[in-house]
>>> print(open('final.cif').read())   # mmCIF, C-alpha atoms
data_run
loop_
_atom_site.label_atom_id
_atom_site.label_comp_id
_atom_site.auth_asym_id
_atom_site.auth_seq_id
_atom_site.Cartn_x
_atom_site.Cartn_y
_atom_site.Cartn_z
CA MET X 9 -9.73 -23.67 -2.84
CA ILE X 10 -11.48 -22.96 0.48
CA PRO X 11 -9.70 -20.60 2.93
CA THR X 12 -10.94 -20.81 6.53
CA TYR X 13 -10.36 -19.08 9.84
CA ASN X 14 -12.65 -19.60 12.84
CA CYS X 15 -15.68 -20.32 10.66
CA ALA X 16 -16.02 -24.10 11.01
CA GLU X 17 -19.72 -23.75 11.91
CA PHE X 18 -20.36 -22.77 8.29
CA LEU X 19 -17.76 -25.00 6.62
CA ARG X 20 -20.07 -28.02 6.23
CA THR X 21 -22.44 -25.91 4.11
CA ALA X 22 -19.57 -24.71 1.92
CA LEU X 23 -18.27 -28.26 1.41
CA GLU X 24 -21.67 -29.74 0.66
CA SER X 25 -22.42 -27.01 -1.89
CA VAL X 26 -19.22 -27.87 -3.76
CA LEU X 27 -19.48 -31.65 -3.46
CA ALA X 28 -23.05 -31.56 -4.79
CA GLN X 29 -21.63 -30.58 -8.19
CA ASP X 30 -18.27 -32.36 -7.97
CA PRO X 31 -17.18 -33.49 -11.46
CA GLY X 32 -14.67 -35.92 -9.94
CA PRO X 33 -11.01 -35.84 -8.87
CA GLU X 34 -9.76 -36.04 -12.46
CA ARG X 35 -11.53 -32.74 -13.20
CA MET X 36 -11.32 -30.75 -9.96
CA GLU X 37 -9.31 -30.63 -6.76
CA ILE X 38 -10.93 -29.46 -3.53
CA VAL X 39 -8.70 -28.17 -0.73
CA VAL X 40 -9.45 -26.45 2.58
CA ILE X 41 -6.62 -24.22 3.77
CA ASP X 42 -6.92 -23.14 7.40
CA ASP X 43 -5.16 -20.05 8.75
CA CYS X 44 -4.46 -21.57 12.18
CA SER X 45 -8.00 -21.32 13.54
CA THR X 46 -8.13 -20.81 17.31
CA ALA X 47 -11.87 -21.14 18.03
CA ASP X 48 -12.81 -24.36 16.21
CA ASP X 49 -11.55 -27.41 14.33
CA PRO X 50 -12.02 -27.21 10.54
CA ALA X 51 -9.97 -30.39 10.06
CA ALA X 52 -12.65 -32.35 11.92
CA VAL X 53 -15.35 -30.87 9.66
CA VAL X 54 -13.39 -31.87 6.56
CA GLU X 55 -12.94 -35.40 7.92
CA ALA X 56 -16.63 -35.72 8.77
CA PHE X 57 -18.18 -34.16 5.67
CA GLY X 58 -15.47 -34.14 2.98
CA ARG X 59 -16.41 -37.64 1.71
CA GLY X 60 -12.74 -38.42 1.25
CA ARG X 61 -12.60 -35.90 -1.60
CA VAL X 62 -11.39 -32.84 0.29
CA ALA X 63 -7.75 -32.27 1.17
CA PHE X 64 -6.81 -30.25 4.24
CA GLN X 65 -3.84 -27.98 4.83
CA ARG X 66 -3.05 -25.73 7.79
CA ASN X 67 -0.74 -22.73 7.43
CA ALA X 68 2.48 -23.04 9.43
CA HIS X 69 1.51 -19.80 11.17
CA ASN X 70 -1.30 -17.28 10.89
CA LEU X 71 -0.96 -15.37 7.61
CA GLY X 72 -4.11 -13.28 7.76
CA ALA X 73 -6.84 -13.41 5.14
CA THR X 74 -4.80 -11.98 2.26
CA GLY X 75 -1.81 -14.22 2.97
CA THR X 76 -4.10 -17.25 3.04
CA PHE X 77 -5.57 -16.30 -0.35
CA ASN X 78 -2.03 -16.37 -1.71
CA ALA X 79 -1.40 -19.72 -0.02
CA CYS X 80 -4.48 -21.04 -1.86
CA LEU X 81 -3.07 -19.85 -5.18
CA ARG X 82 0.27 -21.53 -4.50
CA ARG X 83 -1.44 -24.82 -3.63
CA ALA X 84 -3.93 -24.84 -6.52
CA ARG X 85 -3.13 -26.96 -9.58
CA GLY X 86 -6.15 -26.36 -11.80
CA ARG X 87 -6.41 -24.25 -14.94
CA TRP X 88 -9.23 -22.32 -13.29
CA ILE X 89 -9.26 -21.35 -9.60
CA HIS X 90 -12.34 -20.71 -7.49
CA LEU X 91 -11.61 -19.21 -4.07
CA LEU X 92 -14.63 -19.95 -1.87
CA HIS X 93 -14.53 -18.67 1.70
CA GLY X 94 -15.31 -21.26 4.34
CA ASP X 95 -18.39 -19.32 5.47
CA ASP X 96 -19.80 -18.88 1.94
CA ALA X 97 -21.36 -21.39 -0.46
CA ILE X 98 -22.09 -21.97 -4.15
CA LEU X 99 -25.40 -22.66 -5.92
CA PRO X 100 -25.87 -25.64 -8.28
CA GLY X 101 -24.58 -25.27 -11.83
CA PHE X 102 -21.67 -22.91 -11.25
CA TYR X 103 -18.89 -25.23 -12.36
CA ALA X 104 -20.87 -26.43 -15.37
CA GLU X 105 -21.39 -22.81 -16.37
CA CYS X 106 -17.67 -22.12 -15.97
CA ASP X 107 -16.92 -25.07 -18.26
CA ARG X 108 -19.41 -23.82 -20.85
CA VAL X 109 -18.11 -20.23 -20.87
CA SER X 110 -14.42 -21.20 -20.91
CA VAL X 111 -14.97 -23.41 -23.98
CA ALA X 112 -17.24 -21.02 -25.87
CA HIS X 113 -15.15 -17.93 -25.02
CA PRO X 114 -11.50 -18.96 -24.55
CA ASP X 115 -10.39 -15.32 -24.27
CA VAL X 116 -12.24 -14.87 -20.97
CA VAL X 117 -9.93 -14.71 -17.92
CA MET X 118 -12.56 -14.22 -15.21
CA ILE X 119 -16.09 -15.60 -14.83
CA THR X 120 -18.20 -13.78 -12.25
CA GLY X 121 -21.70 -12.49 -11.64
CA GLN X 122 -24.25 -11.54 -9.04
CA VAL X 123 -24.20 -13.26 -5.66
CA VAL X 124 -26.91 -13.69 -3.04
CA MET X 125 -26.11 -12.18 0.34
CA ILE X 126 -27.20 -14.46 3.20
CA ASP X 127 -27.18 -14.12 6.97
CA ALA X 128 -25.71 -16.42 9.61
CA ALA X 129 -28.80 -18.64 9.45
CA GLY X 130 -28.59 -18.93 5.66
CA ARG X 131 -31.58 -16.68 4.96
CA TRP X 132 -31.40 -14.85 1.64
CA LEU X 133 -31.11 -11.08 2.08
CA THR X 134 -30.41 -9.35 -1.21
CA LEU X 135 -28.48 -9.50 -4.47
CA THR X 136 -25.18 -7.76 -5.06
CA GLY X 137 -23.00 -7.51 -8.15
CA PRO X 138 -23.37 -6.47 -11.79
CA ALA X 139 -26.76 -5.15 -12.91
CA ALA X 140 -29.21 -7.70 -14.29
CA HIS X 141 -28.96 -6.34 -17.85
CA GLN X 142 -25.23 -7.16 -17.85
CA ALA X 143 -25.80 -10.87 -17.14
CA GLY X 144 -24.98 -13.53 -19.69
CA GLY X 145 -22.17 -11.78 -21.54
CA TYR X 146 -18.95 -9.80 -21.46
CA LEU X 147 -18.61 -6.89 -19.03
CA PRO X 148 -17.13 -4.18 -21.27
CA ASP X 149 -17.24 -1.50 -18.56
CA PHE X 150 -15.90 -3.76 -15.82
CA LEU X 151 -12.76 -1.68 -15.16
CA LEU X 152 -14.69 1.59 -14.82
CA GLN X 153 -17.16 0.01 -12.41
CA GLN X 154 -14.53 -1.86 -10.40
CA ALA X 155 -12.26 1.19 -10.19
CA THR X 156 -14.45 2.98 -7.65
CA ALA X 157 -16.45 0.18 -6.00
CA GLN X 158 -16.52 -3.54 -5.33
CA LEU X 159 -18.57 -5.02 -8.16
CA VAL X 160 -18.18 -8.77 -7.50
CA GLN X 161 -17.50 -11.19 -4.65
CA PHE X 162 -15.27 -14.24 -4.17
CA ALA X 163 -18.16 -16.71 -3.90
CA GLY X 164 -19.28 -16.31 -7.51
CA THR X 165 -15.90 -15.68 -9.14
CA ALA X 166 -13.47 -18.03 -10.90
CA VAL X 167 -10.21 -16.81 -12.44
CA ARG X 168 -7.95 -18.44 -15.00
CA ARG X 169 -4.71 -19.62 -13.45
CA ASP X 170 -2.46 -17.94 -16.01
CA ALA X 171 -4.06 -14.57 -15.18
CA TYR X 172 -3.10 -14.94 -11.51
CA GLU X 173 0.40 -16.00 -12.52
CA ALA X 174 0.83 -13.08 -14.90
CA ILE X 175 -0.29 -10.31 -12.53
CA GLY X 176 1.00 -11.75 -9.26
CA GLY X 177 -0.78 -12.60 -6.02
CA PHE X 178 -3.13 -10.64 -3.82
CA CYS X 179 -1.63 -7.37 -2.54
CA THR X 180 -0.81 -7.82 1.16
CA ARG X 181 -1.05 -4.06 1.71
CA PHE X 182 -4.80 -4.54 1.63
CA HIS X 183 -6.96 -6.59 3.96
CA HIS X 184 -10.52 -5.44 3.29
CA VAL X 185 -10.17 -4.71 -0.44
CA ALA X 186 -7.51 -7.24 -1.49
CA ASP X 187 -10.14 -8.91 -3.69
CA ARG X 188 -11.32 -5.62 -5.21
CA ASP X 189 -7.72 -4.76 -6.12
CA MET X 190 -7.16 -8.24 -7.56
CA TRP X 191 -10.32 -8.27 -9.69
CA PHE X 192 -9.36 -4.88 -11.15
CA ARG X 193 -5.92 -6.16 -12.13
CA VAL X 194 -7.45 -9.31 -13.62
CA GLY X 195 -9.78 -7.08 -15.65
CA GLN X 196 -6.75 -5.25 -17.00
CA TYR X 197 -5.28 -8.57 -18.08
CA GLY X 198 -8.24 -9.82 -20.11
CA PRO X 199 -12.02 -9.97 -20.70
CA VAL X 200 -14.47 -10.59 -17.85
CA TRP X 201 -17.66 -12.62 -18.30
CA CYS X 202 -20.86 -12.15 -16.29
CA THR X 203 -22.94 -15.27 -15.62
CA HIS X 204 -26.60 -15.27 -16.64
CA ARG X 205 -27.80 -15.77 -13.04
CA PRO X 206 -26.41 -15.63 -9.48
CA TYR X 207 -24.35 -18.59 -8.30
CA GLY X 208 -22.53 -17.44 -5.16
CA LEU X 209 -23.89 -17.24 -1.62
CA TYR X 210 -22.02 -14.53 0.31
CA ARG X 211 -22.57 -14.79 4.07
CA VAL X 212 -22.73 -11.68 6.24
CA HIS X 213 -22.32 -12.26 9.99
CA ASP X 214 -20.72 -10.60 13.00
CA GLY X 215 -17.79 -13.01 13.06
CA ALA X 216 -16.76 -12.23 9.50
CA ASP X 217 -13.55 -10.33 8.81
CA THR X 218 -15.60 -7.70 6.94
CA ALA X 219 -17.57 -6.92 10.10
CA ARG X 220 -14.34 -6.34 12.05
CA GLN X 221 -13.01 -4.03 9.34
CA VAL X 222 -16.19 -1.93 9.49
CA VAL X 223 -15.87 -1.45 13.26
CA GLN X 224 -12.24 -0.38 12.80
CA GLY X 225 -13.06 1.94 9.89
CA THR X 226 -10.35 0.39 7.75
CA ASN X 227 -12.93 -0.71 5.19
CA VAL X 228 -13.49 2.92 4.14
CA GLU X 229 -9.79 3.80 4.29
CA GLU X 230 -8.84 0.90 2.03
CA ASN X 231 -11.67 1.59 -0.42
CA TYR X 232 -10.49 5.20 -0.62
CA LEU X 233 -6.85 4.23 -1.24
CA SER X 234 -7.81 1.52 -3.73
CA THR X 235 -9.90 4.01 -5.71
CA LEU X 236 -7.00 6.46 -5.91
CA VAL X 237 -4.71 3.69 -7.18
CA ASN X 238 -7.23 2.39 -9.73
CA LEU X 239 -7.98 5.80 -11.17
CA GLN X 240 -4.26 6.41 -11.60
CA ARG X 241 -3.96 3.04 -13.35
CA LEU X 242 -6.68 4.16 -15.76
CA GLY X 243 -5.14 7.61 -16.22
CA LEU X 244 -8.32 9.30 -14.95
CA ALA X 245 -8.67 12.39 -12.78
CA LEU X 246 -10.46 11.92 -9.46
CA ASP X 247 -13.51 13.79 -10.74
CA ALA X 248 -13.49 12.52 -14.34
CA PRO X 249 -17.05 12.22 -15.75
CA PRO X 250 -17.07 8.39 -15.98
CA VAL X 251 -16.33 8.03 -12.26
CA ARG X 252 -17.69 11.26 -10.78
CA GLY X 253 -19.62 10.76 -7.58
CA TRP X 254 -17.50 8.04 -5.98
CA ARG X 255 -16.67 10.22 -2.97
CA VAL X 256 -20.36 10.83 -2.32
CA ARG X 257 -21.18 7.11 -2.53
CA LEU X 258 -18.33 6.15 -0.21
CA SER X 259 -19.33 8.88 2.25
CA ARG X 260 -22.94 7.68 2.25
CA ASN X 261 -21.84 4.13 2.98
CA ALA X 262 -19.69 5.32 5.89
CA TYR X 263 -22.56 7.49 7.17
CA ARG X 264 -24.98 4.54 7.14
CA SER X 265 -22.40 2.35 8.90
CA ALA X 266 -21.91 5.02 11.58
CA ILE X 267 -25.65 5.10 12.25
CA LYS X 268 -25.90 1.30 12.45
CA LEU X 269 -22.89 0.95 14.75
CA ALA X 270 -24.18 3.70 17.04
CA ALA X 271 -27.53 1.90 17.32
CA ARG X 272 -25.65 -1.21 18.47
CA GLY X 273 -23.69 0.78 21.06
CA LEU X 274 -20.40 0.41 19.15
CA HIS X 275 -19.53 4.07 19.52
CA ARG X 276 -15.81 3.90 18.70
CA GLY X 277 -16.69 2.10 15.47
CA ALA X 278 -19.36 4.71 14.76
CA LEU X 279 -16.76 7.42 15.28
CA ALA X 280 -14.32 5.77 12.84
CA GLN X 281 -17.03 5.60 10.16
CA ALA X 282 -18.31 9.13 10.89
CA ARG X 283 -14.84 10.61 10.50
CA TRP X 284 -14.56 9.16 7.01
CA ALA X 285 -18.10 10.17 6.09
CA HIS X 286 -17.31 13.81 6.93
CA ARG X 287 -13.84 13.76 5.41
CA LEU X 288 -15.19 12.50 2.09
CA ARG X 289 -18.20 14.80 2.06
CA PRO X 290 -18.15 17.62 4.64
CA THR X 291 -21.80 18.60 5.10
CA PRO X 292 -23.87 19.64 8.14
CA LYS X 293 -25.39 16.15 8.15
CA THR X 294 -22.05 14.33 8.28
CA LEU X 295 -20.74 16.84 10.83
CA ALA X 296 -23.71 16.18 13.09
CA VAL X 297 -23.19 12.44 13.11
CA LEU X 298 -19.45 12.96 13.66
CA VAL X 299 -19.99 15.18 16.71
CA GLN X 300 -22.58 12.79 18.13
CA ALA X 301 -20.28 9.80 17.64
CA TRP X 302 -17.34 11.68 19.21
CA LEU X 303 -19.36 12.61 22.30
CA ARG X 304 -20.60 9.05 22.79
CA ALA X 305 -17.16 7.54 22.25
CA ARG X 306 -15.71 10.01 24.74
CA ARG X 307 -18.25 8.93 27.38
CA ASP X 308 -17.22 5.30 26.81
CA ARG X 309 -13.60 5.91 27.74
#
>>> encode(input="final.cif", output="structure tokens")
Amino acid sequence: MIPTYNCAEFLRTALESVLAQDPGPERMEIVVIDDCSTADDPAAVVEAFGRGRVAFQRNAHNLGATGTFNACLRRARGRWIHLLHGDDAILPGFYAECDRVSVAHPDVVMITGQVVMIDAAGRWLTLTGPAAHQAGGYLPDFLLQQATAQLVQFAGTAVRRDAYEAIGGFCTRFHHVADRDMWFRVGQYGPVWCTHRPYGLYRVHDGADTARQVVQGTNVEENYLSTLVNLQRLGLALDAPPVRGWRVRLSRNAYRSAIKLAARGLHRGALAQARWAHRLRPTPKTLAVLVQAWLRARRDR
């Protein structure tokens, strides 16, 4: 299931990466679901490069990213569901590995692993996800890791259909961390398996929804709220030893984002990030970047 919104320039790559390992229509359905794109025509891309194998559906009205994820779940018919963003891609062997794991370990409800972060031109940047020593087996500490940070990404993650049905759809309260919240709830439902190597390609570019959330500062706010909820679900105090340090990590991320946004002249975005950096960890360093961001944002009025 491939959700899209104004990312048709990358959709061909996503489709070709899936079709290159297509086991056939009797084994897998492939559907692009568009959230009423306004800047491009994903239907034309599907017609040109879908090889007659890819169905296309457009939402009746714009649902937002989280609403479109839920539309994908409602449309999907398979026992396993892979949500692959239209600007991401998948490396060869992913679906064969999912088949192998699901047969050998029928208790597993989610198959995930490291993904390769790529830029708009498709250049490989870095790896993100579970540590290398966790690859090729169960993730026994998945809930503890996922409780305070995003461990995995859509591109390299497949979830058993009955798990989605049992725990409900993506929470529409969240936009930036709807996936993080979902993966945590899936982990509560059953065992999570980590693939032996990376399979997903997760694209980072200025047009991505994640980039917009960073400028608005809602990425930090939602990560903060999600962490509070997850720790309560686990019955853990905010500073419990297994999760201690999450405030510092989140503050550091916001601090780095504030610096990067300021360097690009996005001073209101820098201010939003700096406020969270100082709120989470009030130090002279975070105060300095907050004051600097406030002064620059004020000049931009």
>>> resolve_selection(input="final.cif", expression="the PyMOL selection byres ((chain X and resi 131) around 12)", output="PDB file with C-alpha atoms, keeping the file's coordinate frame")
ATOM      1  CA  VAL X 124     -26.910 -13.690  -3.040  1.00  0.00           C
ATOM      2  CA  MET X 125     -26.110 -12.180   0.340  1.00  0.00           C
ATOM      3  CA  ILE X 126     -27.200 -14.460   3.200  1.00  0.00           C
ATOM      4  CA  ASP X 127     -27.180 -14.120   6.970  1.00  0.00           C
ATOM      5  CA  ALA X 128     -25.710 -16.420   9.610  1.00  0.00           C
ATOM      6  CA  ALA X 129     -28.800 -18.640   9.450  1.00  0.00           C
ATOM      7  CA  GLY X 130     -28.590 -18.930   5.660  1.00  0.00           C
ATOM      8  CA  TRP X 132     -31.400 -14.850   1.640  1.00  0.00           C
ATOM      9  CA  LEU X 133     -31.110 -11.080   2.080  1.00  0.00           C
ATOM     10  CA  THR X 134     -30.410  -9.350  -1.210  1.00  0.00           C
ATOM     11  CA  LEU X 209     -23.890 -17.240  -1.620  1.00  0.00           C
ATOM     12  CA  TYR X 210     -22.020 -14.530   0.310  1.00  0.00           C
ATOM     13  CA  ARG X 211     -22.570 -14.790   4.070  1.00  0.00           C
ATOM     14  CA  VAL X 212     -22.730 -11.680   6.240  1.00  0.00           C
ATOM     15  CA  HIS X 213     -22.320 -12.260   9.990  1.00  0.00           C
TER      16      HIS X 213
END
>>> closest_residue(input="final.cif", among="X:Gly243, X:Gly121, X:Gly225, X:Pro138", to="Tyr263 in chain X", atoms="only C-alpha atoms")
X:Gly225
>>> residues_around(input="final.cif", residues="range 144-153 of chain X", least_positions_apart="3", cutoff="8 Å", atoms="all atoms listed in the file", output="number ranges by chain")
X: 156-159, 192, 195-196, 199-205, 250-251
>>> closest_residue(input="final.cif", among="X:Ala282, X:Val185, X:Val117, X:Ile38", to="Arg168 in chain X", atoms="all atoms listed in the file")
X:Val117
>>> resolve_selection(input="final.cif", expression="the PyMOL selection byres ((chain X and resi 44) around 10)", output="list in words")
Thr12, Tyr13, Asn14, Ile41, Asp42, Asp43, Ser45, Thr46, Ala47, Asp48, Asp49, Pro50, Gln65, Arg66, Asn67, Ala68, His69, Asn70, Leu71 and Gly72 of chain X
>>> residues_around(input="final.cif", residues="Gly137 in chain X", least_positions_apart="2", cutoff="8 Å", atoms="all atoms listed in the file", output="list in words")
Gly121, Gln122, Val123, Leu135, Ala139, Leu159, Val160 and Gln161 of chain X
>>> atom_distance(input="final.cif", atom1="CA of Phe77 in chain X", atom2="CA of Gln240 in chain X")
25.4 Å
>>> closest_residue(input="final.cif", among="X:Met36, X:Ala262, X:Val194, X:Leu274", to="Gly176 in chain X", atoms="all atoms listed in the file")
X:Val194
>>> closest_residue(input="final.cif", among="X:Leu288, X:Thr74, X:Leu19, X:Leu258", to="Glu55 in chain X", atoms="all atoms listed in the file")
X:Leu19
>>> residues_around(input="final.cif", residues="Ala270 in chain X", least_positions_apart="2", cutoff="12 Å", atoms="only C-alpha atoms", output="list in words")
Val223, Tyr263, Arg264, Ser265, Ala266, Ile267, Lys268, Arg272, Gly273, Leu274, His275, Arg276, Gly277, Ala278, Leu279, Ala280, Gln281, Ala282, Val297, Leu298, Gln300, Ala301, Trp302, Leu303, Arg304 and Ala305 of chain X
>>> residues_around(input="final.cif", residues="range 90-99 of chain X", least_positions_apart="3", cutoff="8 Å", atoms="only C-alpha atoms", output="PyMOL selection string")
chain X and resi 9-13+15-19+21-23+25-26+77+80+102+162-167+206-211
>>> closest_residue(input="final.cif", among="X:His113, X:Ala28, X:Ala79, X:Gln142", to="Thr180 in chain X", atoms="all atoms listed in the file")
X:Ala79
>>> resolve_selection(input="final.cif", expression="the PyMOL selection byres ((chain X and resi 87) around 10)", output="ChimeraX atom specification")
/X:36,84-86,88-89,167-171
>>> closest_residue(input="final.cif", among="X:Val62, X:Ala271, X:Glu230, X:Ala155", to="His184 in chain X", atoms="all atoms listed in the file")
X:Glu230
>>> atom_distance(input="final.cif", atom1="CA of Asp247 in chain X", atom2="CA of Asn261 in chain X")
18.7 Å
>>> build_atoms(input="final.cif", residues="range 225-250 of chain X", atoms="N, CA and C atoms", output="compact mmCIF listing (two decimals), in the frame of the given file")
# COMPACT_ATOMS: atom_id res chain seq x y z
N GLY X 225 -13.07 0.85 10.87
CA GLY X 225 -13.06 1.94 9.89
C GLY X 225 -12.08 1.73 8.77
N THR X 226 -11.33 0.62 8.79
CA THR X 226 -10.35 0.39 7.75
C THR X 226 -10.99 0.02 6.42
N ASN X 227 -12.26 -0.40 6.45
CA ASN X 227 -12.93 -0.71 5.19
C ASN X 227 -13.04 0.54 4.32
N VAL X 228 -13.36 1.67 4.91
CA VAL X 228 -13.49 2.92 4.14
C VAL X 228 -12.11 3.41 3.71
N GLU X 229 -11.15 3.35 4.61
CA GLU X 229 -9.79 3.80 4.29
C GLU X 229 -9.23 3.02 3.10
N GLU X 230 -9.39 1.70 3.11
CA GLU X 230 -8.84 0.90 2.03
C GLU X 230 -9.60 1.11 0.72
N ASN X 231 -10.92 1.29 0.80
CA ASN X 231 -11.67 1.59 -0.42
C ASN X 231 -11.24 2.92 -1.01
N TYR X 232 -10.97 3.89 -0.17
CA TYR X 232 -10.49 5.20 -0.62
C TYR X 232 -9.13 5.07 -1.32
N LEU X 233 -8.18 4.39 -0.66
CA LEU X 233 -6.85 4.23 -1.24
C LEU X 233 -6.90 3.42 -2.53
N SER X 234 -7.70 2.36 -2.54
CA SER X 234 -7.81 1.52 -3.73
C SER X 234 -8.37 2.32 -4.90
N THR X 235 -9.34 3.18 -4.64
CA THR X 235 -9.90 4.01 -5.71
C THR X 235 -8.85 4.95 -6.28
N LEU X 236 -8.06 5.57 -5.42
CA LEU X 236 -7.00 6.46 -5.91
C LEU X 236 -6.03 5.70 -6.81
N VAL X 237 -5.64 4.51 -6.39
CA VAL X 237 -4.71 3.69 -7.18
C VAL X 237 -5.32 3.30 -8.52
N ASN X 238 -6.58 2.85 -8.50
CA ASN X 238 -7.23 2.39 -9.73
C ASN X 238 -7.42 3.51 -10.74
N LEU X 239 -7.79 4.67 -10.26
CA LEU X 239 -7.98 5.80 -11.17
C LEU X 239 -6.65 6.21 -11.81
N GLN X 240 -5.58 6.12 -11.03
CA GLN X 240 -4.26 6.41 -11.60
C GLN X 240 -3.89 5.37 -12.64
N ARG X 241 -4.23 4.10 -12.37
CA ARG X 241 -3.96 3.04 -13.35
C ARG X 241 -4.70 3.30 -14.67
N LEU X 242 -5.89 3.87 -14.56
CA LEU X 242 -6.68 4.16 -15.76
C LEU X 242 -6.33 5.51 -16.39
N GLY X 243 -5.49 6.29 -15.71
CA GLY X 243 -5.14 7.61 -16.22
C GLY X 243 -6.28 8.60 -16.12
N LEU X 244 -7.15 8.43 -15.10
CA LEU X 244 -8.32 9.30 -14.95
C LEU X 244 -8.13 10.23 -13.76
N ALA X 245 -8.64 11.46 -13.90
CA ALA X 245 -8.67 12.39 -12.78
C ALA X 245 -9.70 11.92 -11.76
N LEU X 246 -9.57 12.38 -10.52
CA LEU X 246 -10.46 11.92 -9.46
C LEU X 246 -11.91 12.29 -9.70
N ASP X 247 -12.14 13.37 -10.47
CA ASP X 247 -13.51 13.79 -10.74
C ASP X 247 -13.87 13.66 -12.22
N ALA X 248 -13.19 12.74 -12.92
CA ALA X 248 -13.49 12.52 -14.34
C ALA X 248 -14.95 12.08 -14.50
N PRO X 249 -15.62 12.54 -15.57
CA PRO X 249 -17.05 12.22 -15.75
C PRO X 249 -17.42 10.76 -15.60
N PRO X 250 -16.63 9.80 -16.10
CA PRO X 250 -17.07 8.39 -15.98
C PRO X 250 -17.13 7.88 -14.54
